[in-house]
>>> print(open('final_17.txt').read())   # compact mmCIF, C-alpha atoms
# COMPACT_ATOMS: atom_id res chain seq x y z
CA MET W 1 27.02 -53.49 -60.73
CA ARG W 2 24.49 -53.79 -57.89
CA LEU W 3 20.87 -53.34 -58.87
CA PRO W 4 18.48 -51.40 -56.65
CA LEU W 5 16.04 -53.57 -54.56
CA PRO W 6 12.43 -53.64 -55.83
CA THR W 7 9.78 -51.86 -53.89
CA PRO W 8 7.19 -53.88 -51.83
CA ALA W 9 4.51 -53.19 -54.46
CA ALA W 10 6.75 -54.51 -57.22
CA ARG W 11 7.50 -57.67 -55.26
CA ARG W 12 3.75 -58.37 -54.74
CA ALA W 13 3.09 -57.97 -58.47
CA LEU W 14 5.93 -60.37 -59.32
CA ARG W 15 4.60 -63.06 -56.93
CA LEU W 16 1.10 -62.75 -58.38
CA ALA W 17 2.40 -63.19 -61.93
CA LEU W 18 4.44 -66.31 -60.97
CA GLY W 19 1.40 -67.84 -59.20
CA LEU W 20 -0.85 -67.41 -62.26
CA THR W 21 1.82 -68.94 -64.49
CA LEU W 22 2.10 -72.02 -62.21
CA VAL W 23 -1.69 -72.55 -62.18
CA ALA W 24 -1.78 -72.40 -65.97
CA VAL W 25 1.02 -74.98 -66.28
CA VAL W 26 -0.64 -77.41 -63.82
CA GLY W 27 -4.00 -77.06 -65.57
CA VAL W 28 -2.55 -77.81 -68.98
CA SER W 29 -0.72 -80.93 -67.78
CA ALA W 30 -3.91 -82.30 -66.20
CA MET W 31 -5.96 -82.09 -69.42
CA PRO W 32 -6.14 -85.43 -71.36
CA THR W 33 -4.98 -85.41 -74.93
CA PRO W 34 -7.24 -86.84 -77.65
CA ALA W 35 -4.93 -89.85 -78.11
CA THR W 36 -5.34 -91.00 -74.50
CA ALA W 37 -8.97 -90.09 -73.91
CA ALA W 38 -11.11 -93.00 -72.63
CA PRO W 39 -13.86 -94.17 -75.04
CA ALA W 40 -17.41 -93.31 -74.16
CA THR W 41 -19.44 -96.10 -72.53
CA ALA W 42 -22.50 -97.22 -74.50
CA SER W 43 -25.84 -96.68 -72.90
CA PRO W 44 -27.85 -99.70 -71.54
CA ALA W 45 -30.33 -99.20 -74.36
CA ALA W 46 -27.58 -99.58 -76.94
CA HIS W 47 -26.41 -102.83 -75.34
CA ALA W 48 -29.97 -104.16 -75.32
CA ALA W 49 -30.41 -103.35 -79.00
CA LYS W 50 -27.28 -105.29 -79.92
CA ALA W 51 -28.27 -108.32 -77.83
CA THR W 52 -31.63 -108.73 -79.53
CA ARG W 53 -30.19 -109.28 -83.04
CA PRO W 54 -26.93 -111.25 -83.22
CA ALA W 55 -24.95 -110.86 -86.42
CA ASP W 56 -25.74 -114.40 -87.61
CA GLN W 57 -29.46 -113.67 -87.45
CA ALA W 58 -29.14 -110.77 -89.81
CA LYS W 59 -28.14 -113.03 -92.70
CA PRO W 60 -30.18 -115.86 -94.27
CA ALA W 61 -28.94 -119.33 -93.37
CA PRO W 62 -26.73 -120.67 -96.17
CA ARG W 63 -27.90 -123.76 -98.04
CA PRO W 64 -25.81 -126.88 -97.48
CA VAL W 65 -22.95 -127.04 -99.97
CA ASP W 66 -24.14 -130.31 -101.55
CA GLN W 67 -27.52 -128.78 -102.43
CA VAL W 68 -26.14 -125.95 -104.54
CA LYS W 69 -23.78 -128.02 -106.68
CA PRO W 70 -24.76 -130.23 -109.62
CA ALA W 71 -25.00 -133.91 -108.80
CA SER W 72 -24.43 -134.94 -112.39
CA VAL W 73 -22.96 -132.86 -115.20
CA GLY W 74 -23.33 -134.88 -118.39
CA GLY W 75 -26.12 -136.87 -119.97
CA PRO W 76 -26.85 -140.56 -119.41
CA ALA W 77 -23.76 -142.65 -118.63
CA ILE W 78 -22.40 -144.74 -121.49
CA GLY W 79 -19.43 -146.42 -119.81
CA ALA W 80 -19.08 -148.78 -116.87
CA LYS W 81 -16.54 -149.73 -114.27
CA ALA W 82 -15.83 -153.32 -113.37
CA ASN W 83 -18.80 -155.05 -111.72
CA ARG W 84 -18.92 -154.99 -107.95
CA VAL W 85 -20.62 -157.41 -105.60
CA GLY W 86 -24.06 -156.13 -104.70
CA VAL W 87 -27.52 -157.28 -103.73
CA ASN W 88 -29.64 -159.76 -105.69
CA ALA W 89 -31.86 -157.16 -107.30
CA VAL W 90 -30.71 -155.63 -110.58
CA GLY W 91 -31.74 -152.76 -112.82
CA ILE W 92 -34.71 -150.67 -111.86
CA ASP W 93 -35.62 -152.97 -108.96
CA LEU W 94 -32.16 -152.39 -107.48
CA CYS W 95 -32.69 -148.64 -107.68
CA ALA W 96 -36.07 -148.95 -105.98
CA GLN W 97 -34.61 -151.09 -103.21
CA VAL W 98 -31.64 -148.90 -102.32
CA ALA W 99 -33.63 -145.67 -102.72
CA TYR W 100 -36.19 -146.97 -100.24
CA ALA W 101 -33.45 -148.03 -97.83
CA ALA W 102 -31.85 -144.58 -98.14
CA GLY W 103 -35.08 -142.96 -96.95
CA PHE W 104 -37.02 -141.95 -100.07
CA ARG W 105 -40.78 -142.46 -99.75
CA ASN W 106 -43.95 -141.98 -101.81
CA ASN W 107 -43.64 -139.64 -104.84
CA PRO W 108 -40.00 -138.72 -104.11
CA LEU W 109 -39.20 -142.45 -104.19
CA VAL W 110 -40.73 -142.81 -107.66
CA THR W 111 -38.87 -139.71 -108.85
CA ALA W 112 -35.61 -141.00 -107.41
CA VAL W 113 -35.92 -144.27 -109.33
CA ALA W 114 -36.86 -142.47 -112.56
CA VAL W 115 -33.88 -140.12 -112.24
CA ALA W 116 -31.52 -143.03 -111.63
CA MET W 117 -32.85 -144.83 -114.71
CA ALA W 118 -32.33 -141.70 -116.81
CA GLU W 119 -28.85 -141.14 -115.38
CA SER W 120 -27.36 -144.65 -115.37
CA SER W 121 -29.99 -147.18 -116.50
CA CYS W 122 -29.71 -148.27 -112.85
CA ASN W 123 -26.25 -149.73 -113.40
CA PRO W 124 -24.21 -149.23 -110.19
CA SER W 125 -20.97 -149.35 -112.21
CA ALA W 126 -22.00 -146.69 -114.72
CA VAL W 127 -19.55 -143.85 -115.31
CA GLY W 128 -19.79 -140.75 -117.50
CA SER W 129 -16.86 -138.54 -118.48
CA ASN W 130 -17.25 -134.76 -118.73
CA GLY W 131 -15.08 -132.05 -120.20
CA PRO W 132 -14.11 -128.85 -118.36
CA THR W 133 -16.93 -127.01 -116.61
CA ALA W 134 -17.19 -124.06 -114.27
CA GLY W 135 -15.43 -125.09 -111.10
CA CYS W 136 -13.95 -128.24 -112.67
CA PRO W 137 -11.43 -127.04 -115.27
CA ASN W 138 -9.83 -130.48 -115.60
CA GLY W 139 -13.06 -132.30 -116.37
CA SER W 140 -14.90 -134.71 -114.10
CA LEU W 141 -16.68 -138.06 -113.82
CA ASP W 142 -20.32 -138.85 -113.05
CA ARG W 143 -20.45 -142.12 -111.09
CA GLY W 144 -22.83 -144.89 -110.13
CA LEU W 145 -26.61 -145.15 -109.98
CA TRP W 146 -27.34 -141.45 -109.49
CA GLN W 147 -24.16 -140.34 -111.31
CA ILE W 148 -22.66 -138.44 -108.38
CA ASN W 149 -19.99 -136.13 -109.78
CA ASN W 150 -16.47 -136.61 -108.40
CA CYS W 151 -15.44 -132.95 -108.73
CA TYR W 152 -18.49 -131.23 -107.29
CA HIS W 153 -18.92 -133.91 -104.60
CA PRO W 154 -15.40 -135.06 -103.67
CA THR W 155 -16.56 -136.30 -100.26
CA VAL W 156 -18.36 -139.11 -102.10
CA ASN W 157 -15.32 -141.21 -102.95
CA ASP W 158 -15.22 -143.89 -105.65
CA THR W 159 -15.80 -146.71 -103.17
CA CYS W 160 -19.06 -145.09 -102.13
CA ALA W 161 -20.08 -143.86 -105.58
CA TYR W 162 -19.92 -147.34 -107.13
CA ASN W 163 -21.65 -148.95 -104.16
CA ALA W 164 -25.40 -149.05 -104.84
CA GLN W 165 -26.56 -148.26 -101.31
CA CYS W 166 -23.91 -145.64 -100.58
CA ASN W 167 -24.70 -143.89 -103.86
CA ALA W 168 -28.40 -143.87 -102.96
CA ASN W 169 -27.59 -142.42 -99.54
CA ALA W 170 -25.59 -139.64 -101.20
CA ALA W 171 -28.46 -138.92 -103.60
CA TYR W 172 -30.84 -138.69 -100.64
CA SER W 173 -28.59 -136.11 -98.98
CA ILE W 174 -27.96 -134.05 -102.12
CA SER W 175 -31.67 -133.99 -103.01
CA SER W 176 -32.69 -132.96 -99.47
CA GLY W 177 -34.64 -136.15 -99.02
CA GLY W 178 -36.16 -136.02 -102.49
CA SER W 179 -37.39 -132.42 -102.33
CA ASN W 180 -34.81 -130.92 -104.70
CA TRP W 181 -33.83 -132.63 -107.97
CA GLN W 182 -32.36 -129.56 -109.65
CA PRO W 183 -28.78 -130.85 -109.26
CA TRP W 184 -29.50 -133.63 -111.81
CA SER W 185 -29.19 -132.86 -115.49
CA THR W 186 -31.72 -135.51 -116.57
CA TYR W 187 -34.31 -133.98 -114.25
CA ASN W 188 -33.69 -130.51 -115.59
CA ASN W 189 -33.98 -131.60 -119.22
CA GLY W 190 -37.04 -133.79 -118.50
CA ALA W 191 -35.42 -137.09 -119.57
CA TYR W 192 -36.45 -138.74 -116.28
CA ALA W 193 -40.16 -138.34 -117.06
CA SER W 194 -40.16 -141.17 -119.61
CA TYR W 195 -39.22 -143.58 -116.80
CA LEU W 196 -41.89 -142.57 -114.29
CA SER W 197 -44.31 -145.40 -115.18
CA ALA W 198 -41.60 -148.04 -114.92
CA ALA W 199 -40.39 -146.47 -111.67
CA GLN W 200 -43.91 -146.60 -110.24
CA ALA W 201 -44.14 -150.29 -111.08
CA ALA W 202 -40.77 -150.99 -109.43
CA VAL W 203 -41.85 -149.17 -106.29
CA ALA W 204 -45.10 -151.17 -106.25
CA ARG W 205 -43.06 -154.38 -106.33
CA LEU W 206 -41.46 -153.31 -103.05
CA GLY W 207 -44.83 -153.93 -101.43
CA GLY W 208 -44.66 -150.69 -99.55
CA GLY W 209 -41.74 -152.00 -97.56
CA ASP W 210 -43.87 -154.54 -95.71
CA PRO W 211 -41.94 -157.62 -94.57
CA PRO W 212 -42.57 -160.51 -96.98
CA VAL W 213 -43.24 -163.98 -95.64
CA GLY W 214 -40.33 -166.38 -95.37
CA VAL W 215 -37.40 -163.93 -95.62
CA THR W 216 -34.17 -165.64 -96.58
CA GLY W 217 -30.59 -164.60 -97.14
CA THR W 218 -27.45 -166.03 -98.71
CA ILE W 219 -24.18 -166.27 -96.76
CA LEU W 220 -21.33 -164.40 -98.44
CA ALA W 221 -18.52 -165.19 -95.97
CA ASN W 222 -16.01 -167.71 -97.32
CA PRO W 223 -15.52 -170.46 -96.20
CA SER W 224 -18.07 -170.05 -93.37
CA LEU W 225 -19.66 -167.59 -90.96
CA ASN W 226 -19.93 -167.98 -87.19
CA ILE W 227 -23.38 -167.84 -85.65
CA ARG W 228 -23.16 -165.93 -82.36
CA THR W 229 -25.38 -166.00 -79.29
CA GLY W 230 -25.63 -162.21 -79.43
CA PRO W 231 -25.01 -159.32 -81.85
CA GLY W 232 -21.23 -159.11 -81.58
CA THR W 233 -17.98 -161.04 -81.85
CA THR W 234 -17.59 -161.08 -78.06
CA TYR W 235 -20.60 -163.38 -77.75
CA GLY W 236 -20.23 -167.14 -77.77
CA ILE W 237 -20.31 -169.21 -80.97
CA ALA W 238 -23.51 -171.25 -81.32
CA GLY W 239 -22.51 -172.79 -84.62
CA SER W 240 -21.51 -171.83 -88.15
CA VAL W 241 -22.95 -171.69 -91.64
CA ASN W 242 -21.11 -172.28 -94.91
CA TYR W 243 -20.57 -169.88 -97.79
CA GLY W 244 -23.49 -169.87 -100.24
CA ALA W 245 -25.93 -171.40 -97.77
CA THR W 246 -29.49 -170.09 -97.55
CA VAL W 247 -30.65 -169.07 -94.07
CA LYS W 248 -33.96 -167.90 -92.62
CA ILE W 249 -33.99 -164.38 -91.14
CA ALA W 250 -36.38 -163.76 -88.26
CA CYS W 251 -35.46 -160.18 -87.29
CA TYR W 252 -32.60 -157.69 -87.08
CA THR W 253 -30.94 -155.70 -84.31
CA PHE W 254 -27.97 -153.38 -83.81
CA GLY W 255 -24.74 -154.43 -82.19
CA GLU W 256 -21.02 -154.41 -82.87
CA TYR W 257 -19.92 -152.49 -85.97
CA VAL W 258 -18.35 -154.82 -88.55
CA SER W 259 -16.09 -153.09 -91.06
CA GLY W 260 -15.51 -156.11 -93.27
CA GLY W 261 -17.93 -157.74 -95.68
CA TYR W 262 -19.96 -156.08 -98.40
CA TRP W 263 -22.14 -153.60 -96.48
CA PRO W 264 -20.13 -152.54 -93.36
CA SER W 265 -22.58 -151.69 -90.59
CA SER W 266 -23.69 -152.43 -87.04
CA THR W 267 -26.75 -154.42 -88.19
CA TRP W 268 -26.99 -158.05 -87.09
CA ASP W 269 -29.54 -160.62 -88.32
CA ARG W 270 -31.11 -163.31 -86.17
CA ILE W 271 -31.03 -166.36 -88.40
CA THR W 272 -31.69 -170.07 -88.42
CA ASN W 273 -29.47 -172.46 -90.35
CA PRO W 274 -31.93 -174.96 -91.90
CA ALA W 275 -29.15 -177.53 -92.34
CA THR W 276 -28.34 -177.71 -88.61
CA GLY W 277 -31.26 -175.98 -86.89
CA VAL W 278 -28.86 -173.62 -85.10
CA THR W 279 -30.33 -170.19 -84.32
CA GLY W 280 -28.35 -167.07 -83.47
CA TYR W 281 -26.93 -163.80 -84.77
CA VAL W 282 -24.71 -163.07 -87.77
CA ALA W 283 -23.37 -159.75 -89.07
CA ASP W 284 -25.70 -158.48 -91.79
CA THR W 285 -22.71 -157.36 -93.86
CA TRP W 286 -22.10 -161.04 -94.69
CA VAL W 287 -25.72 -161.83 -95.64
CA ASN W 288 -27.10 -161.08 -99.09
CA THR W 289 -30.83 -160.31 -99.19
CA THR W 290 -33.16 -159.14 -101.93
CA TYR W 291 -33.78 -155.84 -100.15
CA ASP W 292 -32.28 -154.07 -97.17
CA VAL W 293 -33.05 -156.40 -94.27
CA LYS W 294 -34.46 -153.50 -92.23
CA THR W 295 -37.25 -153.12 -94.79
CA MET W 296 -37.99 -156.84 -94.82
CA VAL W 297 -38.23 -157.92 -91.17
CA GLY W 298 -38.91 -156.33 -87.82
CA ARG W 299 -36.42 -155.47 -85.14
CA CYS W 300 -35.59 -158.18 -82.60
>>> encode(input="final_17.txt", output="C-alpha cells")
Amino acid sequence: MRLPLPTPAARRALRLALGLTLVAVVGVSAMPTPATAAPATASPAAHAAKATRPADQAKPAPRPVDQVKPASVGGPAIGAKANRVGVNAVGIDLCAQVAYAAGFRNNPLVTAVAVAMAESSCNPSAVGSNGPTAGCPNGSLDRGLWQINNCYHPTVNDTCAYNAQCNANAAYSISSGGSNWQPWSTYNNGAYASYLSAAQAAVARLGGGDPPVGVTGTILANPSLNIRTGPGTTYGIAGSVNYGATVKIACYTFGEYVSGGYWPSSTWDRITNPATGVTGYVADTWVNTTYDVKTMVGRC
C-alpha cells in the first residue's frame, strides 16, 4: 500500500525533531563520567603547607634501640667463663682503665666503675644466667664487666662481651655516654652506690689520664715482633723484639689496621727496644700496657 506524501509543514517538523535528538546525543557523549573525571589540582597554598612540615617532623625522634632495652637482667654475676688475655690491670682498676678509654669522664666515669663493680665485681669473664623474661622467652645471659645481655643486645657478640675494652665500649653506647644508667639492674636497685667510694679512688689512680713518666709495654707476639720504620707492614723492618720483652713507648699514631693480636686496631706505638737500641713502630695490638696507650702518651 502506498502512503500519502507528508506536507511541507510536516517535513519541517520532522527535521527539527531529528536535529534536537542529535544534539542531545552528542551532548551526553561529551560529558565525563565520575569514574574518568580528572582529580582537582591542589592550590599553591596547599602545596606550601605540606612542604613546611614533612611527615617525619610530625613525630618525635625515636630513641636508639640500645637505650630502651635493659643492659643487664639479673643481679650480680656469680659465674665466670674461662679467663681471657687482657691488660695488666685487674679488678676495679681494670674497669676504670677501660671505662676511661671508652670515653667516660668525670662523674659518669665514677658511676660506670661503680656499676661494673656491682654487676660483675669487675671480672671480664663474669656471666650471669637469667630465666625467661619479656622479649626473651628462652632465657638469656648477662656477660662481662658491665653484664651486657645477649638477648637484648645480640649485636654485642660473646667475643666482644668478654673482652674488657669492647664491653666498656658497648656500655658507653648503651648508657648514652654515661647519661642514662636505667638499663642496668644494679643501678635501678641502688646496689652500685656502695661502690662509689672505691670507684672514685680507682679513677683518682688514673691520674686524670695524664701520661705517666717512663711508659713501658710488654711484647705479646710470639716468638718476636718486627719493628717497622713506619706505622704499617709495608714499611721496612728496622729490627725486632722478642716475646715478653719490655719496651719504652714514646708516642702513638694511626696506620694500617691489624686484625690479629689481642686488641685489633689501627693504632701503632713508636717504641725503643732497650736491648738493642732500635727505635721504630709496632702494632699496638701486640703490646700490653697498664692502660690504653692513647691515655698514656701523646700522638706522634
>>> atom_distance(input="final_17.txt", atom1="CA of Ala201 in chain W", atom2="CA of Gly91 in chain W")
12.8 Å
>>> closest_residue(input="final_17.txt", among="W:Ser120, W:Thr233, W:Gln200, W:Asn138", to="Ala283 in chain W", atoms="all atoms listed in the file")
W:Thr233
>>> atom_distance(input="final_17.txt", atom1="CA of Val287 in chain W", atom2="CA of Pro264 in chain W")
11.1 Å
>>> atom_distance(input="final_17.txt", atom1="CA of Thr290 in chain W", atom2="CA of Ala96 in chain W")
11.3 Å
>>> closest_residue(input="final_17.txt", among="W:Ile271, W:Ile237, W:Ala168, W:Val258", to="Thr218 in chain W", atoms="all atoms listed in the file")
W:Ile271
>>> closest_residue(input="final_17.txt", among="W:Thr234, W:Tyr262, W:Thr253, W:Val203", to="Asn106 in chain W", atoms="only C-alpha atoms")
W:Val203
>>> residues_around(input="final_17.txt", residues="Val156 in chain W", least_positions_apart="3", cutoff="12 Å", atoms="all atoms listed in the file", output="PDB file with C-alpha atoms, keeping the file's coordinate frame")
ATOM      1  CA  ASP W  66     -24.140-130.310-101.550  1.00  0.00           C
ATOM      2  CA  ALA W  71     -25.000-133.910-108.800  1.00  0.00           C
ATOM      3  CA  LEU W 141     -16.680-138.060-113.820  1.00  0.00           C
ATOM      4  CA  ASP W 142     -20.320-138.850-113.050  1.00  0.00           C
ATOM      5  CA  ARG W 143     -20.450-142.120-111.090  1.00  0.00           C
ATOM      6  CA  GLY W 144     -22.830-144.890-110.130  1.00  0.00           C
ATOM      7  CA  TRP W 146     -27.340-141.450-109.490  1.00  0.00           C
ATOM      8  CA  GLN W 147     -24.160-140.340-111.310  1.00  0.00           C
ATOM      9  CA  ILE W 148     -22.660-138.440-108.380  1.00  0.00           C
ATOM     10  CA  ASN W 149     -19.990-136.130-109.780  1.00  0.00           C
ATOM     11  CA  ASN W 150     -16.470-136.610-108.400  1.00  0.00           C
ATOM     12  CA  CYS W 151     -15.440-132.950-108.730  1.00  0.00           C
ATOM     13  CA  TYR W 152     -18.490-131.230-107.290  1.00  0.00           C
ATOM     14  CA  HIS W 153     -18.920-133.910-104.600  1.00  0.00           C
ATOM     15  CA  THR W 159     -15.800-146.710-103.170  1.00  0.00           C
ATOM     16  CA  CYS W 160     -19.060-145.090-102.130  1.00  0.00           C
ATOM     17  CA  ALA W 161     -20.080-143.860-105.580  1.00  0.00           C
ATOM     18  CA  TYR W 162     -19.920-147.340-107.130  1.00  0.00           C
ATOM     19  CA  ASN W 163     -21.650-148.950-104.160  1.00  0.00           C
ATOM     20  CA  CYS W 166     -23.910-145.640-100.580  1.00  0.00           C
ATOM     21  CA  ASN W 167     -24.700-143.890-103.860  1.00  0.00           C
ATOM     22  CA  ALA W 168     -28.400-143.870-102.960  1.00  0.00           C
ATOM     23  CA  ASN W 169     -27.590-142.420 -99.540  1.00  0.00           C
ATOM     24  CA  ALA W 170     -25.590-139.640-101.200  1.00  0.00           C
ATOM     25  CA  ALA W 171     -28.460-138.920-103.600  1.00  0.00           C
ATOM     26  CA  SER W 173     -28.590-136.110 -98.980  1.00  0.00           C
ATOM     27  CA  ILE W 174     -27.960-134.050-102.120  1.00  0.00           C
TER      28      ILE W 174
END
